[in-house]
Amino acid sequence: MPDLLIELFSEEIPARMQAKAAEDLRQRVTDGLVEAGLTYAGAASFSTPRRLTLAIEGMLAQSPTLREERKGPRVDAPEKAIEGFLRGAGVSRDDLEVRDEKKGQVYFAVISKPGRPAEEIVAEVLEQTIRNFPWPKSMRWGAGSLRWVRPLHSILCLMTNDAGEAQIVPMDVDGITAGDSTEGHRFMAPGRFAVSSFEDYAAKLKRAYVVLDPEERAQAIWQEASNLAFAAGMELVEDKGLLREVAGLVEWPVPLMGAIDEAFLGLPPEVLQTSMKEHQKFFSVKSPKTGRIEKFVTVANRETADHGATILAGNQKVLSARLADAKFFWENDLREAEAGGTAWLASLDNVTFHNKLGSQAARIDRIAALAREIAGVTGADADLAEQAARWAKADLSSEMVYEFPELQGLMGRYYAEKAGLPAEVAGAAQEHYSPLGPSDDVPTAPVSVTVALADKLDTLTGFWAIDEKPTGSKDPFALRRAALGVIRLVLENGINANFRGILGKEIARKLAQLHAAPRVAEAEEILITLAKIGQLELGEKYFDKHRKESIPELGTEQAEEVLASIVSRLDDLFSFIHDRLKVYLRDEGLRHDVIDACLAMEGNDDLALVVKRARALGEMLGTEDGENLLQGFKRANNILSQAEDKDGVEYSYGADVKFAETEEERALFAALDAAEPKIAAALKAQDFNAAMAAMAALRAPIDAFFEAVQVNTDKDVVRRNRLNLLSRIRGLVGSVADLTRVEG
């Protein structure tokens, strides 16, 4: 079985595109080969700045002959139908077979497709891959029609058989003919050389100063850079993203370590690290004693006679210019921070957050008001929470954040400390953006948690108020991330709160402003009250009673319209948050039906409460008692539901033990009497594990009841009593979780 080697050699491919491009090459070529009948033993792809490489082992030398039977029309079918079948099958009438079937004689075409040589298939598949390659951006050059990320110079396409004999796969793509040669390092080994197999190719590239495997390049960079830092008594600052990027910039990595000028060592380490990473692709090197970043490692793409001295000198000169800018920004920002940051805060009035939601300054006012309101449920000091919210985004106007947006929040902390603000305010400035992703840490300091929640809740309610919700895969305002952030902040800090009321008030405020009622303040208050009520019909009654003294300019019809908007948006937003909660809990391992059973319960606007209930229910259903109780409950509910449908009544008016005829009935009455106060007390204390345990204890008496008792007996009084007993089971179990939504 032959092996296949492909190399697409071009000008430098952007580092960020290389890994995906190598995988796309592997996927598209192997898929094409398999579709044509060429199977293989294994495939691996590689990338360097100037090449994409694919090596395939154990490929068939020829595709197999395929035989296909295709059923056609009846023999007595119209001639046009038969001719159409012949054209579609690619056969003549003489090639058809006639077979007897129930409805008469039918034509069959037996189509045989002979196998094809591997090189013919490879040439077709590779040409299609090259012409339709999914680059994020591509270009044309010269007079040709081919598009590639950068000008494509050569194609290496070589098949090697078991005897080691190599054969070029003939192909031509816009004048670029396939061959058996490649090039080494641009400067250290210019010129082309031929290869005969993948092993020969990789070995000759290494001798020509090209490390083919990006993982090998990354490991070499990290190892040598770490050794340089260690030799100087320093530590290399880990940055996996930068390591991947730099490995995509060089074919022959040569790490070099330089020093940062003393004039810049007073800059915050994050500023030094960000400036060197973003502009120069340098690794930071810190002192283990002071934690200061004092040196850097740059990675050259070649060895030089002066061991990199000239390269290093040039890099240090450029770095000094960059850091001089950073120092200038830092010093200017410190002066503004010492003055209280008033100019920064004032300038946010001229920065638009969203054309329908106003400026950043208006948004800060909303976040500050909300932070003060929710401080009670987060345990934060309300004054500190409001102060932190008003400062949290001040650094957006700073010169440093303008230059390095990724430092927002962190610089706010530095500037808050310089301004002499409380530590809680400084901490919230840095932490209120968190969590930004599933692996990001969640703030735990009460003031930071409060501002982080207020920030995300304002975002969600604002975009729901203006009907800018995520659609499909589109989420331009990162609202899914905001909702997940709210969930993690609430759950990981154990916050119990009526979020329906909080969100309803915020949506009401924004809608009152959007509707531009003549007296917005009064309209806002009445709408907030209506949102707290949460029911449209109750809200209408409340409005009718109070509208004259509250907001005479806002008519009943308009108020009802706004109220309907509040309720509709609030329901939709809560559904969105619940969907994110389901995803979060499923990732944790909880079943979707268990989550649904808990979301169906009253109080589902308290996310922490829902999760405590769901975890306890999931744990109980994982036991034998829990699973059997579920079956017993479903049996009781099914019998009861059928009887209620048949009789046209709801059996909920109480069962009496005096009508019990068997010991099993009396035992079930006693078990329910014992369980009810335990479950009620546990639910009141939000001890769902205790509630589930008390509920699981009903498993045995329920099982015994169904084994010994016929519910639908001929005695009407006894039957009604037993149905009411089943209703009592349904009500008691339903107070803990809606088991009708649990599968099984």
# chains A, B, ... in the order shown; residues from 1 in each chain; ligands from 1
$ select_by_dssp --residues "stretch 33-209 of chain A" --states "helix (DSSP H, G or I)" --output "PyMOL selection string"
chain A and resi 33-35+79-89+93-95+118-131+198-207
$ residues_around --residues "A:Thr65" --least-positions-apart "6" --cutoff "7 Å" --atoms "only C-alpha atoms" --output "ChimeraX atom specification"
/A:113-115
$ write_last_selection --atoms "C-alpha atoms" --output "PDB file, in the first residue's frame"
ATOM      1  CA  LYS A 113     -17.860   1.293 -11.986  1.00  0.00           C
ATOM      2  CA  PRO A 114     -14.310   0.027 -12.477  1.00  0.00           C
ATOM      3  CA  GLY A 115     -11.659   0.971  -9.957  1.00  0.00           C
TER       4      GLY A 115
END
$ residues_around --residues "stretch 683-693 of chain A" --least-positions-apart "4" --cutoff "10 Å" --atoms "only C-alpha atoms" --output "list in words"
Leu609, Lys612, Arg613, Ala614, Arg615, Ala616, Leu617, Gly618, Glu619, Met620, Leu621, Asp625, Gly626, Ala675, Glu676, Pro677, Lys678, Ile679, Ala697, Leu698, Val733, Ser735, Val736 and Ala737 of chain A
$ select_by_dssp --residues "stretch 48-102 of chain A" --states "strand (DSSP E or B)" --output "PyMOL selection string"
chain A and resi 48+51-57+62+66-74+96-101
$ residues_around --residues "A:Phe477" --least-positions-apart "6" --cutoff "12 Å" --atoms "only C-alpha atoms" --output "PDB file with N, CA, C and O atoms, in the first residue's frame"
ATOM      1  N   PHE A 353     -23.120  54.083  24.476  1.00  0.00           N
ATOM      2  CA  PHE A 353     -23.153  52.651  24.775  1.00  0.00           C
ATOM      3  C   PHE A 353     -23.968  51.931  23.707  1.00  0.00           C
ATOM      4  O   PHE A 353     -23.546  50.935  23.129  1.00  0.00           O
ATOM      5  N   HIS A 354     -25.158  52.445  23.428  1.00  0.00           N
ATOM      6  CA  HIS A 354     -26.024  51.948  22.358  1.00  0.00           C
ATOM      7  C   HIS A 354     -26.969  53.079  21.997  1.00  0.00           C
ATOM      8  O   HIS A 354     -27.423  53.824  22.878  1.00  0.00           O
ATOM      9  N   LYS A 456     -24.181  43.141  34.567  1.00  0.00           N
ATOM     10  CA  LYS A 456     -24.737  42.126  33.659  1.00  0.00           C
ATOM     11  C   LYS A 456     -26.262  42.198  33.600  1.00  0.00           C
ATOM     12  O   LYS A 456     -26.856  42.007  32.531  1.00  0.00           O
ATOM     13  N   THR A 459     -27.235  45.033  31.368  1.00  0.00           N
ATOM     14  CA  THR A 459     -27.050  44.658  29.965  1.00  0.00           C
ATOM     15  C   THR A 459     -28.224  43.819  29.474  1.00  0.00           C
ATOM     16  O   THR A 459     -28.809  44.087  28.415  1.00  0.00           O
ATOM     17  N   LEU A 460     -28.591  42.787  30.227  1.00  0.00           N
ATOM     18  CA  LEU A 460     -29.665  41.886  29.806  1.00  0.00           C
ATOM     19  C   LEU A 460     -30.998  42.616  29.692  1.00  0.00           C
ATOM     20  O   LEU A 460     -31.699  42.513  28.675  1.00  0.00           O
ATOM     21  N   GLY A 462     -31.587  45.784  29.433  1.00  0.00           N
ATOM     22  CA  GLY A 462     -31.547  46.839  28.429  1.00  0.00           C
ATOM     23  C   GLY A 462     -31.805  46.305  27.030  1.00  0.00           C
ATOM     24  O   GLY A 462     -32.637  46.838  26.287  1.00  0.00           O
ATOM     25  N   PHE A 463     -31.118  45.244  26.678  1.00  0.00           N
ATOM     26  CA  PHE A 463     -31.280  44.728  25.320  1.00  0.00           C
ATOM     27  C   PHE A 463     -32.601  43.993  25.155  1.00  0.00           C
ATOM     28  O   PHE A 463     -33.125  43.925  24.035  1.00  0.00           O
ATOM     29  N   TRP A 464     -33.154  43.467  26.238  1.00  0.00           N
ATOM     30  CA  TRP A 464     -34.499  42.884  26.131  1.00  0.00           C
ATOM     31  C   TRP A 464     -35.552  43.994  25.979  1.00  0.00           C
ATOM     32  O   TRP A 464     -36.534  43.825  25.268  1.00  0.00           O
ATOM     33  N   GLU A 468     -33.440  43.502  21.301  1.00  0.00           N
ATOM     34  CA  GLU A 468     -32.186  43.121  20.636  1.00  0.00           C
ATOM     35  C   GLU A 468     -31.680  41.833  21.281  1.00  0.00           C
ATOM     36  O   GLU A 468     -30.648  41.808  21.944  1.00  0.00           O
ATOM     37  N   LYS A 469     -32.425  40.751  21.075  1.00  0.00           N
ATOM     38  CA  LYS A 469     -32.084  39.465  21.704  1.00  0.00           C
ATOM     39  C   LYS A 469     -31.225  38.630  20.759  1.00  0.00           C
ATOM     40  O   LYS A 469     -31.251  38.833  19.548  1.00  0.00           O
ATOM     41  N   PRO A 470     -30.473  37.653  21.301  1.00  0.00           N
ATOM     42  CA  PRO A 470     -29.704  36.758  20.427  1.00  0.00           C
ATOM     43  C   PRO A 470     -30.645  35.983  19.507  1.00  0.00           C
ATOM     44  O   PRO A 470     -31.744  35.595  19.907  1.00  0.00           O
ATOM     45  N   THR A 471     -30.201  35.766  18.283  1.00  0.00           N
ATOM     46  CA  THR A 471     -30.978  34.969  17.340  1.00  0.00           C
ATOM     47  C   THR A 471     -30.066  33.918  16.737  1.00  0.00           C
ATOM     48  O   THR A 471     -29.045  34.247  16.136  1.00  0.00           O
ATOM     49  N   ALA A 483     -25.674  36.263  30.717  1.00  0.00           N
ATOM     50  CA  ALA A 483     -26.599  35.428  31.491  1.00  0.00           C
ATOM     51  C   ALA A 483     -25.848  34.342  32.253  1.00  0.00           C
ATOM     52  O   ALA A 483     -26.144  34.082  33.430  1.00  0.00           O
TER      53      ALA A 483
END
$ closest_atom_pairs --of "stretch 226-251 of chain A" --to "stretch 189-213 of chain A" --cutoff "10 Å" --atoms "only C-alpha atoms" --output "JSON lines"
{"residue": "A:Ala247", "atom": "CA", "partner": "A:Asp213", "partner_atom": "CA", "distance": 9.5}
{"residue": "A:Val250", "atom": "CA", "partner": "A:Val210", "partner_atom": "CA", "distance": 8.7}
{"residue": "A:Glu251", "atom": "CA", "partner": "A:Val210", "partner_atom": "CA", "distance": 5.0}
$ write_last_selection --atoms "N, CA, C and O atoms" --output "short mmCIF file (atom, residue, chain, number, x, y, z; two decimals), in the first residue's frame"
data_model
loop_
_atom_site.label_atom_id
_atom_site.label_comp_id
_atom_site.auth_asym_id
_atom_site.auth_seq_id
_atom_site.Cartn_x
_atom_site.Cartn_y
_atom_site.Cartn_z
N ALA A 247 5.28 30.12 17.73
CA ALA A 247 5.66 28.88 17.03
C ALA A 247 5.20 28.90 15.58
O ALA A 247 5.76 28.20 14.73
N VAL A 250 7.96 31.23 13.15
CA VAL A 250 9.34 30.84 12.86
C VAL A 250 9.39 29.38 12.40
O VAL A 250 8.58 28.55 12.81
N GLU A 251 10.37 29.08 11.53
CA GLU A 251 10.60 27.70 11.12
C GLU A 251 11.79 27.10 11.88
O GLU A 251 11.88 25.89 12.03
#
$ residues_around --residues "A:Ala362" --least-positions-apart "5" --cutoff "9 Å" --atoms "only C-alpha atoms" --output "list in words"
Leu348, Asp349, Phe353, Leu357 and Ile367 of chain A
$ closest_residue --among "A:Glu23, A:Glu69, A:Glu278, A:Glu83" --to "A:Ala109" --atoms "only C-alpha atoms"
A:Glu69
$ closest_residue --among "A:Arg719, A:Pro701, A:Ala682, A:Gly233" --to "A:Arg666" --atoms "only C-alpha atoms"
A:Pro701
$ closest_residue --among "A:Ala660, A:Met59, A:Lys295, A:Met257" --to "A:Asn161" --atoms "only C-alpha atoms"
A:Met59
$ residues_around --residues "A:Cys157" --least-positions-apart "5" --cutoff "8 Å" --atoms "only C-alpha atoms" --output "PyMOL selection string"
chain A and resi 4-7+168-169+178-180
$ residues_around --residues "A:Val425" --least-positions-apart "4" --cutoff "8 Å" --atoms "only C-alpha atoms" --output "count of residues only"
12
$ closest_residue --among "A:Ala600, A:Ile577, A:Ala419, A:Val594" --to "A:Arg335" --atoms "only C-alpha atoms"
A:Ala419
$ atom_distance --atom1 "atom CA of A:Pro136" --atom2 "atom CA of A:Gln27"
16.6 Å
$ atom_distance --atom1 "atom CA of A:Ile155" --atom2 "atom CA of A:Leu8"
5.0 Å
$ closest_residue --among "A:Gly654, A:Gly241, A:Pro422, A:Pro255" --to "A:Ala220" --atoms "only C-alpha atoms"
A:Pro255
$ atom_distance --atom1 "atom CA of A:Glu294" --atom2 "atom CA of A:Gln430"
24.2 Å
$ closest_residue --among "A:Ala368, A:Ala324, A:Ala636, A:Leu243" --to "A:Arg16" --atoms "only C-alpha atoms"
A:Leu243
